[in-house]
Amino acid sequence: MSTTSVLGGSVRRREDPALIRGKGRFVDDIKLAGTTHVAFVRSPFAHAKINSIDASAAMEMEGVIAIYTADDVRHLGLLLAQVAIGRLRPLLADGVVKHAGEAVAMVVAENRYLAQDAADAVEVDYEPMKAIVDIKEAASDKAMVHEELESNTLITWEAGPWGNEEGIAATKEKIAEAKKRDDIVTVSMEMKNQRLIPTAIEPRAVIADWNDGYGRMTVYSSTQIPHALAGAIAKTFGLAANAVDVIAPEVGGGFGAKLNVYADEMLVSFASMQLGRPVKYTESRRESPYNTIQGRGWVATATITGTKDGEVLAFELDGLADMGAYTQNFTVAIPFLGTFVGSGQYKFPTHWKIGCVTTHTMTTDAYRGAGRPEAIYYLERILDAYAREIEMDLAEVKLKNFIPESDFPGAVAPIGFQFDTGAYQTNLKALTDSAEYSELKSLRDKARAEGRHVGLGLSSYVEVCGFGPSALSGLGFSWTTYGLPSAFSGSGLVRINGDASVTVIIGTGPSGQGHETTWAQLVAGQLGIDYEKVRVTHGNTAESPMGIGTFGSRSAAVDGAASYEAALKVKAKAAQIAAHILEASADDIEFSDGSAHVAGSPDKSVSWEDIVTSAYHPHMLPEGMEGGLEAHSVFSPANATWPFGAHAALVEVDPETGFTQLLRYVTMDDCGNVISPMIVDGQIHGGLAQGISQAMFEDAIYDEEGNLLTSSLVDYPLPTAQDLPSFNLSRTVTPSDVNPLGVKGIGEAGTIGSAQTVVNAAVDALYDLGVRHIDMPLRSRRVWQAIQDARS
Amino acid sequence: MFPRKFDYVAPSSLDETVDALKGAGFAKVMSGGMSLLPLMKLRLVSPELVVDIGRIPGLDQISEEGDMLTIGALVRHYQTAGSEKVPAALAAAAAYTGDVQVRNRGTTVGAVVHGDLAADQPAAVLALGGVIVVQGPNGVREIPATDFFVDTLTTAIEPDEVATAIKVPKGGSSAYDKLGRRGGHTDYAVAGAAAWVKKDNGNITECRVALTGVAGRPTLAEGTAEAMVGTDGSAGAIAEAASKAADGVSVLEDLYGSEEYKAHLATVYAKRALTLALNE
Ligand SMILES: Cc1cc2nc3c(=O)[nH]c(=O)nc-3n(C[C@H](O)[C@H](O)[C@H](O)COP(=O)(O)OP(=O)(O)OC[C@H]3O[C@@H](n4cnc5c(N)ncnc54)[C@H](O)[C@@H]3O)c2cc1C
């Protein structure tokens with residue numbers, strides 16, 4: 001392996017053998033002696049007054065240790081949230097419930113079965129009240145979700161403040177001129193971006209173990225943000241930050257749903273302090289949608305005004321996003337994150353306005369893409385509609401409106417944010433000029449000639465990720481409310497052990513992304529040490545450097561860069577030691593194959609083992625050099641990263657039933673440099689599955705009373721491998737200039753790029769029948785109905 | 001997902017099974033457990049006693065007797081799907097049930113006794129004119145499929161009876177087709193139809209079409225069957241007959257379809273199943 005390249009090869013994920021063989025250790029696998037178990041009493045109503053709670057019969061039941069209600073935990077305050085706009089969540093419902101499934105009481109018992117039995121026996125006298133479920137109804141403010149708030153609209157994010165006033169005036173003038181020439185087309189559609197239930201394979205689980213001998217709390221949690229959780233627990237219970245150790249062992253998927261601090265994490269901590277025993281709560285699959293955040297849930301009208309030859313003059317988005325009843329970690333910030341990519345890859349003036357509305361439903365927050373899939377969905381759907389309206393090829397329209405490549409690096413989006421690097425024309429053309437794309441076209445044309453309804457969808461996207469710049473901490477990109485006034489920097493510690501094996505300790509909280517593989521590749525490549533000798537550990541706040549967690553496709557670009565720089569520091573010191581041993585100049589030392597060599601003198605070399613021996617025997621070191629061989633780095637990028645790409649899909653619709661099938665899917669993503677190609681492809685695969693699933697299958701449906709009708713996987717269809725075609729992936733490479741690795745992030749790109757690609761394809765398949773739009777998911781009934789409506 | 005407390009027995013014969021059921025309060029027979037266990041975990045069903053028939057020898061056979069085919073109570077979906085002896089409608093319905101894991105554990109008899117309104121195999125058994133063989137304290141009785149499906153998740157078996165087999169007549173040709181919830185054949189049916197036809201001298205002499213996912217239970221599309229008899233089974237005749245599939249059926253709306261859509265799908269799948277059956 002070269003010592004200078006930061007790029008790795010496609011190695012197999014070292015995480016997989018344990019996971020495949022059932023040897024992975026998840027929170028629920030951890031069994032501490034004396035553990036007690038929790039079940040929650042949950043409200044069957046979306047909005048109700050709690051007249052009384054009678055737990056006396058339940059308290060008498062076998063194995064019941066304690067039952068807690070709001071009266072017991074009110075003194076701990078509300079659940080902390082990073083962006084605290086709106087009504088924060090009480091740890092247990094306090095006199096009133098605001099969404100179905102809200103926890104009203106917590107039962108602690110000797111085992112989970114007895115806890116559940118007792119929870120069923122707690123009698124709660126509810127007085128149901130009218131629930132506000134529909135976001136438009138909520139936004140009308142005719143009735144309040146929370147009496148103490150002045151409006152159900154908690155905040156409205158408007159892109160204006162970052163827009164360009166002069167530009168807006170110029171736009172108005174351009175529109176007026178185009179009108180005069182009768183060269184103007186306006187396309188406008190209201191579209192839904194439905195609510196989704198993030199469904200990690202491992203539901204959330206937490207164990208709190210308070211030890212009053214040590215005065216220390218140890219919490220095991222299935223979380224993406226161990227340090228933030230430790231901070232939140234310390235703050236809630238008045239403990240010092242170093243008195244709380246959070247351990248996130250294997251985390252079985254998160255997708256943003258575990259990028260949150262949860263009431264159950266505070267409640268088990270409370271109970272453990274009360275009872276002096278470990279307290280465990282493992283969410284059941286059925287309660288997960290009531291207990292763990294949901295995502296998306298927007299209704300918005302997208303409007304494009306442009307000329308008849310494809311010059312877009314203005315794009316506007318005006319809509320509402322459903323926040324649910326209580327605000328948690330980033331709830332109201334999610335639509336704000338959408339504004340970053342509100343004008344996409346384009347240079348046209350954009351105006352964005354999204355109201356964040358509270359309703360009597362479960363909280364929403366970050367779900368893979370978090371605001372960006374919604375933003376790109378609206379923009380790319382309406383652009384497709386505009387291209388069809390003016391009968392111009394969508395790719396042509398895009399090329400005409402893209403920000404030119406000469407503006408990069410550092411182009412500024414019309415909505416106000418500055419990009420890192422970009423090459424949108426090159427990327428789109430790489431897709432549309434490819435053999436795969438031509439094949440999609442010919443397959444479509446051939447099928448159409450046979451009378452089949454086959455459609456080709458195209459879309460492109462830009463994403464923002466890799467948070468992030470320290471200067472953004474004022475915008476909420478920090479863990480200040482959790483008592484950690486830290487920017488979203490990355491950190492990594494690289495230690496050469498006595499046997500010249502390497503331990504890398506990172507501050508991220510991976511949930512399946514393969515950091516142990518990728519980071520080992522990065523560090524091994526720098527040090528010229530065999531990849532197999534590098535171990536990467538994470539997830540224990542007592543041992544790892546201060547870390548922000550894993551979310552927002554940030555880990556490689558920020559924490560990866562930190563580990564890389566820590567490796568460089570170690571390497572620089574090792575070079576000095578090697579130079580001392582070899583009586584050469586440190587500048588001439590190169591590392592490869594487990595040794596340091598003097599450039600140009602292949603016979604002069606010293607092994608890492610000998611370097612380490614010197615490092616840990618200070619008398620063998622150069623005069624004045626400190627012993628040891630490890631280094632810590634903190635990396636704070638100058639900007640976020642901005643990946644982009646273009647996707648194409650081929651779908652077939654059976655117009656008799658509405659059944660829509662995805663036949664082919666082709667991608668051309670650009671995430672900058674690629675460290676581990678197989679892992680990047682895996683991230684795209686998973687991202688595509690979730691984006692396609694939003695387009696085709698998933699839908700969190702509440703009835704008018706606020707009951708969640710899709711709380712079971714029987715009624716919340718998730719895709720399986722057999723529902724998806726095999727994906728055809730390619731990439732262009734435009735390295736980022738804001739981190740030393742040139743990487744951008746790929747965790748969410750698949751999701752951000754795909755939903756609208758599939759819908760564009762379905763509309764293409766049915767355009768001749770008069771169908772102009774179908775709201776997601778493209779379930780058979782909905783597609784069939786769209787055809788009927790277009791016919792009548 | 002934590003069931004209430006229950007007792008468990010695993011008898012080694014059908015007689016022992018009947019004895020276990022007789023003595024018990026609220027007892028449930030378990031064969032593959034693919035529907036019973038989720039309901040127990042959700043606490044929607046909380047039996048005091050689970051009688052697991054999974055260890056009774058001899059129930060996992062598909063056997064022929066005269067012009068009847070017998071499918072034992074422990075024949076799994078994958079066996080039904082893969083057997084050449086099984087009429088095409090039932091084999092397809094079994095093949096389209098759930099996923100690999102479910103097909104490896106769930107039983108055809110269990111699926112029929114369970115009687116979910118969107119299940120696949122009940123419709124096939126109904127179209128084929130099958131009977132369900134049950135054993136109880138008063139001995140063995142056979143219940144025709146036409147009398148068996150009472151309502152959603154309610155069938156004519158008594159709580160103290162165990163189903164030992166289903167029997168379906170051989171002969172004729174049949175087919176099953178469905179629209180799954182995720183499209184295609186995957187998952188429970190949004191709607192589906194099983195068709196069985198007998199032809200003599202180029203003319204259809206007997207026909208049954210059964211719908212699933214459309215009404216509260218698997219339901220015969222009688223208008224369609226009547227209209228088919230006497231025709232030559234041409235595409236035109238099928239289309240004409242299939243258009244009557246939802247006539248007289250009380251169609252139910254659910255998350256996957258409006259009444260109008262489901263009634264429409266009844267006609268589409270009656271047509272598709274008949275077409276497949278006539279080309280078998
Ligand atoms: C993930 C998943 C997907 C599924 N998808 C589909 C699908 O696409 N299509 C479909 O039709 N079904 C589907 N099912 C349902 C499933 O296939 C059947 O309902 C199930 O296999 C029934 O058979 P069983 O042997 O597992 O019955 P069990 O679960 O053991 O029992 C079901 C019910 O029948 C009773 N019972 C079972 N056997 C007997 C007997 N011999 N005598 C008396 N009573 C008995 C039980 O008491 C219980 O009430 C799915 C299930 C799962 C878990």
# chains A, B, ... in the order shown; residues from 1 in each chain; ligands from 1
$ closest_atom_pairs --of "chain A" --to "ligand 1" --cutoff "12 Å" --atoms "only C-alpha atoms and all ligand atoms" --output "CSV"
residue,atom,partner,partner_atom_place_in_ligand_line,distance
A:Ser712,CA,ligand 1,1 (C),11.0
A:Leu713,CA,ligand 1,1 (C),8.5
A:Val714,CA,ligand 1,1 (C),7.5
A:Asp715,CA,ligand 1,3 (C),11.0
A:Tyr716,CA,ligand 1,1 (C),11.8
A:Pro717,CA,ligand 1,1 (C),10.5
A:Leu718,CA,ligand 1,1 (C),11.1
A:Thr720,CA,ligand 1,1 (C),11.3
$ residues_around --residues "Leu211 (chain B)" --least-positions-apart "3" --cutoff "8 Å" --atoms "only C-alpha atoms" --output "list in words"
Ala123, Ala191, Gly192, Ala193, Ala194, Val214, Ala215, Pro218, Thr219, Leu220, Ala221, Ala266 and Ala270 of chain B
$ write_last_selection --atoms "C-alpha atoms" --output "PDB file, in the first residue's frame"
ATOM      1  CA  ALA B 123     -59.099 -18.713  -1.448  1.00  0.00           C
ATOM      2  CA  ALA B 191     -56.698  -8.643  -3.712  1.00  0.00           C
ATOM      3  CA  GLY B 192     -56.349 -11.953  -5.441  1.00  0.00           C
ATOM      4  CA  ALA B 193     -58.366 -14.711  -7.027  1.00  0.00           C
ATOM      5  CA  ALA B 194     -58.193 -18.462  -7.378  1.00  0.00           C
ATOM      6  CA  VAL B 214     -61.872  -8.170  -1.231  1.00  0.00           C
ATOM      7  CA  ALA B 215     -64.474  -9.085   1.380  1.00  0.00           C
ATOM      8  CA  PRO B 218     -62.511 -15.603   1.197  1.00  0.00           C
ATOM      9  CA  THR B 219     -65.567 -15.365  -1.009  1.00  0.00           C
ATOM     10  CA  LEU B 220     -66.868 -17.162  -4.085  1.00  0.00           C
ATOM     11  CA  ALA B 221     -67.442 -14.985  -7.125  1.00  0.00           C
ATOM     12  CA  ALA B 266     -61.757  -8.542  -8.083  1.00  0.00           C
ATOM     13  CA  ALA B 270     -60.814 -13.173 -11.636  1.00  0.00           C
TER      14      ALA B 270
END
$ closest_atom_pairs --of "chain B" --to "chain A" --cutoff "12 Å" --atoms "only C-alpha atoms" --output "Markdown table"
| residue | atom | partner | partner_atom | distance |
| --- | --- | --- | --- | --- |
| B:Met1 | CA | A:Ser284 | CA | 5.8 |
| B:Phe2 | CA | A:Tyr113 | CA | 5.8 |
| B:Pro3 | CA | A:Tyr113 | CA | 7.2 |
| B:Arg4 | CA | A:Asp117 | CA | 6.9 |
| B:Lys5 | CA | A:Tyr113 | CA | 8.0 |
| B:Phe6 | CA | A:Tyr113 | CA | 11.5 |
| B:Ser35 | CA | A:Val714 | CA | 11.3 |
| B:Pro38 | CA | A:Ser712 | CA | 10.5 |
| B:Leu39 | CA | A:Ser712 | CA | 11.4 |
| B:Lys41 | CA | A:Arg286 | CA | 9.7 |
| B:Leu42 | CA | A:Arg286 | CA | 7.8 |
| B:Arg43 | CA | A:Asp120 | CA | 10.1 |
| B:Ser46 | CA | A:Asp117 | CA | 11.8 |
| B:Gly98 | CA | A:Val714 | CA | 10.8 |
| B:Asp99 | CA | A:Thr720 | CA | 9.6 |
| B:Val100 | CA | A:Gln722 | CA | 11.1 |
| B:Ala118 | CA | A:Val714 | CA | 11.6 |
| B:Lys178 | CA | A:Thr657 | CA | 10.6 |
| B:Leu179 | CA | A:Phe659 | CA | 7.8 |
| B:Gly180 | CA | A:Phe659 | CA | 9.2 |
| B:Arg181 | CA | A:Pro717 | CA | 7.7 |
| B:Arg182 | CA | A:Phe697 | CA | 6.5 |
| B:Gly183 | CA | A:Phe659 | CA | 5.7 |
| B:Gly184 | CA | A:Phe659 | CA | 7.3 |
| B:His185 | CA | A:Asp723 | CA | 10.0 |
| B:Thr186 | CA | A:Asp723 | CA | 8.1 |
| B:Asp187 | CA | A:Val714 | CA | 8.7 |
| B:Tyr188 | CA | A:Val714 | CA | 8.6 |
| B:Ala189 | CA | A:Val714 | CA | 11.6 |
| B:Val190 | CA | A:Ser780 | CA | 9.0 |
| B:Ala191 | CA | A:Thr657 | CA | 10.2 |
| B:Gly192 | CA | A:Thr657 | CA | 11.4 |
| B:Glu253 | CA | A:Arg781 | CA | 11.2 |
| B:Asp254 | CA | A:Asp715 | CA | 10.4 |
| B:Leu255 | CA | A:Asp715 | CA | 8.0 |
| B:Tyr256 | CA | A:Arg781 | CA | 6.4 |
| B:Gly257 | CA | A:Arg781 | CA | 5.6 |
| B:Ser258 | CA | A:Arg781 | CA | 7.6 |
| B:Glu259 | CA | A:Arg781 | CA | 10.6 |
| B:Glu260 | CA | A:Gln785 | CA | 9.8 |
| B:Tyr261 | CA | A:Arg781 | CA | 6.8 |
| B:Lys262 | CA | A:Arg781 | CA | 8.8 |
| B:Ala263 | CA | A:Thr657 | CA | 11.3 |
| B:His264 | CA | A:Thr657 | CA | 8.4 |
| B:Leu265 | CA | A:Thr657 | CA | 6.7 |
| B:Ala266 | CA | A:Thr657 | CA | 10.4 |
| B:Thr267 | CA | A:Glu656 | CA | 10.4 |
| B:Val268 | CA | A:Glu656 | CA | 7.5 |
| B:Tyr269 | CA | A:Thr657 | CA | 9.3 |
| B:Lys271 | CA | A:Glu656 | CA | 11.5 |
| B:Arg272 | CA | A:Glu656 | CA | 11.2 |
$ closest_atom_pairs --of "region 143-231 of chain A" --to "region 291-301 of chain A" --cutoff "6 Å" --atoms "only C-alpha atoms" --output "tab-separated table"
residue	atom	partner	partner_atom	distance
A:Met189	CA	A:Thr301	CA	5.4
A:Glu190	CA	A:Thr301	CA	4.0
A:Met191	CA	A:Ala300	CA	5.7
A:Lys192	CA	A:Val299	CA	4.6
A:Asn193	CA	A:Trp298	CA	5.0
A:Gln194	CA	A:Gly297	CA	4.6
A:Arg195	CA	A:Gly297	CA	4.0
A:Leu196	CA	A:Gly295	CA	5.1
A:Ile197	CA	A:Gln294	CA	4.8
$ atom_distance --atom1 "CA of Asp54 (chain A)" --atom2 "CA of Glu123 (chain A)"
5.0 Å
$ closest_residue --among "A:Ile30, A:Ala234, A:Leu662, A:Ile577" --to "Met625 (chain A)" --atoms "only C-alpha atoms"
A:Ile577
$ residues_around --residues "region 375-384 of chain A" --least-positions-apart "3" --cutoff "6 Å" --atoms "only C-alpha atoms" --output "list in words"
Gly338, Gly342, Arg372, Ala387 and Gln756 of chain A
$ write_last_selection --atoms "N, CA, C and O atoms" --output "PDB file, in the first residue's frame"
ATOM      1  N   GLY A 338     -32.947  21.709   5.248  1.00  0.00           N
ATOM      2  CA  GLY A 338     -33.409  21.659   3.857  1.00  0.00           C
ATOM      3  C   GLY A 338     -33.069  22.923   3.088  1.00  0.00           C
ATOM      4  O   GLY A 338     -32.711  22.867   1.909  1.00  0.00           O
ATOM      5  N   GLY A 342     -31.822  24.284  -0.823  1.00  0.00           N
ATOM      6  CA  GLY A 342     -33.103  24.721  -1.382  1.00  0.00           C
ATOM      7  C   GLY A 342     -33.038  25.093  -2.846  1.00  0.00           C
ATOM      8  O   GLY A 342     -33.999  24.896  -3.589  1.00  0.00           O
ATOM      9  N   ARG A 372     -33.067  17.420   3.575  1.00  0.00           N
ATOM     10  CA  ARG A 372     -32.500  17.513   2.226  1.00  0.00           C
ATOM     11  C   ARG A 372     -33.253  16.645   1.213  1.00  0.00           C
ATOM     12  O   ARG A 372     -33.501  17.104   0.091  1.00  0.00           O
ATOM     13  N   ALA A 387     -40.009  20.888 -17.364  1.00  0.00           N
ATOM     14  CA  ALA A 387     -39.384  20.401 -18.604  1.00  0.00           C
ATOM     15  C   ALA A 387     -40.433  19.744 -19.505  1.00  0.00           C
ATOM     16  O   ALA A 387     -40.445  19.938 -20.723  1.00  0.00           O
ATOM     17  N   GLN A 756     -37.488  11.142  -5.851  1.00  0.00           N
ATOM     18  CA  GLN A 756     -38.058  11.867  -6.996  1.00  0.00           C
ATOM     19  C   GLN A 756     -37.688  11.210  -8.324  1.00  0.00           C
ATOM     20  O   GLN A 756     -38.432  11.326  -9.296  1.00  0.00           O
TER      21      GLN A 756
END
$ closest_atom_pairs --of "region 56-139 of chain B" --to "region 12-26 of chain B" --cutoff "9 Å" --atoms "only C-alpha atoms" --output "tab-separated table"
residue	atom	partner	partner_atom	distance
B:Ile56	CA	B:Ser12	CA	4.7
B:Pro57	CA	B:Ser12	CA	7.3
B:Gln135	CA	B:Val18	CA	7.3
B:Gly136	CA	B:Val18	CA	5.8
B:Pro137	CA	B:Val18	CA	6.4
$ write_last_selection --atoms "C-alpha atoms" --output "mmCIF file, in the first residue's frame"
data_model
loop_
_atom_site.group_PDB
_atom_site.id
_atom_site.type_symbol
_atom_site.label_atom_id
_atom_site.label_comp_id
_atom_site.auth_asym_id
_atom_site.auth_seq_id
_atom_site.Cartn_x
_atom_site.Cartn_y
_atom_site.Cartn_z
ATOM 1 C CA ILE B 56 -46.936 -35.267 16.133
ATOM 2 C CA PRO B 57 -45.571 -37.776 13.627
ATOM 3 C CA GLN B 135 -60.968 -33.951 15.111
ATOM 4 C CA GLY B 136 -62.618 -33.192 18.435
ATOM 5 C CA PRO B 137 -64.152 -34.853 21.479
#
$ residues_around --residues "Ser63 (chain B)" --least-positions-apart "3" --cutoff "12 Å" --atoms "only C-alpha atoms" --output "ChimeraX atom specification"
/B:58-60,66-72,75,80,83-86,165-170
$ residues_around --residues "Val279 (chain A)" --least-positions-apart "5" --cutoff "6 Å" --atoms "only C-alpha atoms" --output "list of chain:residue names"
A:Thr35, A:Thr36, A:His37, A:Ile207, A:Ala208, A:Val268, A:Ser272
$ write_last_selection --atoms "all heavy atoms" --output "mmCIF file, in the first residue's frame"
data_model
loop_
_atom_site.group_PDB
_atom_site.id
_atom_site.type_symbol
_atom_site.label_atom_id
_atom_site.label_comp_id
_atom_site.auth_asym_id
_atom_site.auth_seq_id
_atom_site.Cartn_x
_atom_site.Cartn_y
_atom_site.Cartn_z
ATOM 1 N N THR A 35 -30.189 -6.864 37.216
ATOM 2 C CA THR A 35 -30.895 -5.918 36.346
ATOM 3 C C THR A 35 -32.412 -5.976 36.549
ATOM 4 O O THR A 35 -32.986 -7.049 36.670
ATOM 5 C CB THR A 35 -30.561 -6.207 34.867
ATOM 6 O OG1 THR A 35 -29.168 -6.011 34.680
ATOM 7 C CG2 THR A 35 -31.334 -5.290 33.923
ATOM 8 N N THR A 36 -33.020 -4.805 36.560
ATOM 9 C CA THR A 36 -34.479 -4.704 36.586
ATOM 10 C C THR A 36 -34.938 -4.238 35.208
ATOM 11 O O THR A 36 -34.142 -3.723 34.421
ATOM 12 C CB THR A 36 -34.924 -3.676 37.642
ATOM 13 O OG1 THR A 36 -34.401 -2.397 37.252
ATOM 14 C CG2 THR A 36 -34.397 -4.040 39.016
ATOM 15 N N HIS A 37 -36.232 -4.427 34.921
ATOM 16 C CA HIS A 37 -36.720 -4.219 33.560
ATOM 17 C C HIS A 37 -37.927 -3.293 33.534
ATOM 18 O O HIS A 37 -38.760 -3.327 34.431
ATOM 19 C CB HIS A 37 -37.069 -5.562 32.937
ATOM 20 C CG HIS A 37 -35.874 -6.449 32.819
ATOM 21 N ND1 HIS A 37 -35.133 -6.553 31.669
ATOM 22 C CD2 HIS A 37 -35.255 -7.234 33.743
ATOM 23 C CE1 HIS A 37 -34.114 -7.369 31.876
ATOM 24 N NE2 HIS A 37 -34.162 -7.804 33.125
ATOM 25 N N ILE A 207 -29.569 0.725 29.104
ATOM 26 C CA ILE A 207 -29.391 0.224 30.473
ATOM 27 C C ILE A 207 -28.680 1.323 31.250
ATOM 28 O O ILE A 207 -27.672 1.864 30.779
ATOM 29 C CB ILE A 207 -28.485 -1.019 30.530
ATOM 30 C CG1 ILE A 207 -28.998 -2.129 29.615
ATOM 31 C CG2 ILE A 207 -28.347 -1.532 31.977
ATOM 32 C CD1 ILE A 207 -27.974 -3.250 29.407
ATOM 33 N N ALA A 208 -29.202 1.653 32.423
ATOM 34 C CA ALA A 208 -28.484 2.596 33.291
ATOM 35 C C ALA A 208 -28.032 1.845 34.530
ATOM 36 O O ALA A 208 -28.780 1.040 35.092
ATOM 37 C CB ALA A 208 -29.387 3.758 33.681
ATOM 38 N N VAL A 268 -34.578 5.679 32.897
ATOM 39 C CA VAL A 268 -33.884 4.510 33.461
ATOM 40 C C VAL A 268 -32.725 4.976 34.358
ATOM 41 O O VAL A 268 -32.434 4.344 35.369
ATOM 42 C CB VAL A 268 -33.383 3.497 32.397
ATOM 43 C CG1 VAL A 268 -34.551 2.846 31.656
ATOM 44 C CG2 VAL A 268 -32.406 4.112 31.434
ATOM 45 N N SER A 272 -32.466 3.907 38.196
ATOM 46 C CA SER A 272 -31.281 3.226 38.718
ATOM 47 C C SER A 272 -30.741 3.953 39.951
ATOM 48 O O SER A 272 -30.306 3.324 40.923
ATOM 49 C CB SER A 272 -30.206 3.133 37.630
ATOM 50 O OG SER A 272 -29.104 2.417 38.111
#
$ closest_residue --among "B:Tyr176, B:Tyr96, B:Phe149, B:Trp196" --to "Leu117 (chain B)" --atoms "only C-alpha atoms"
B:Phe149
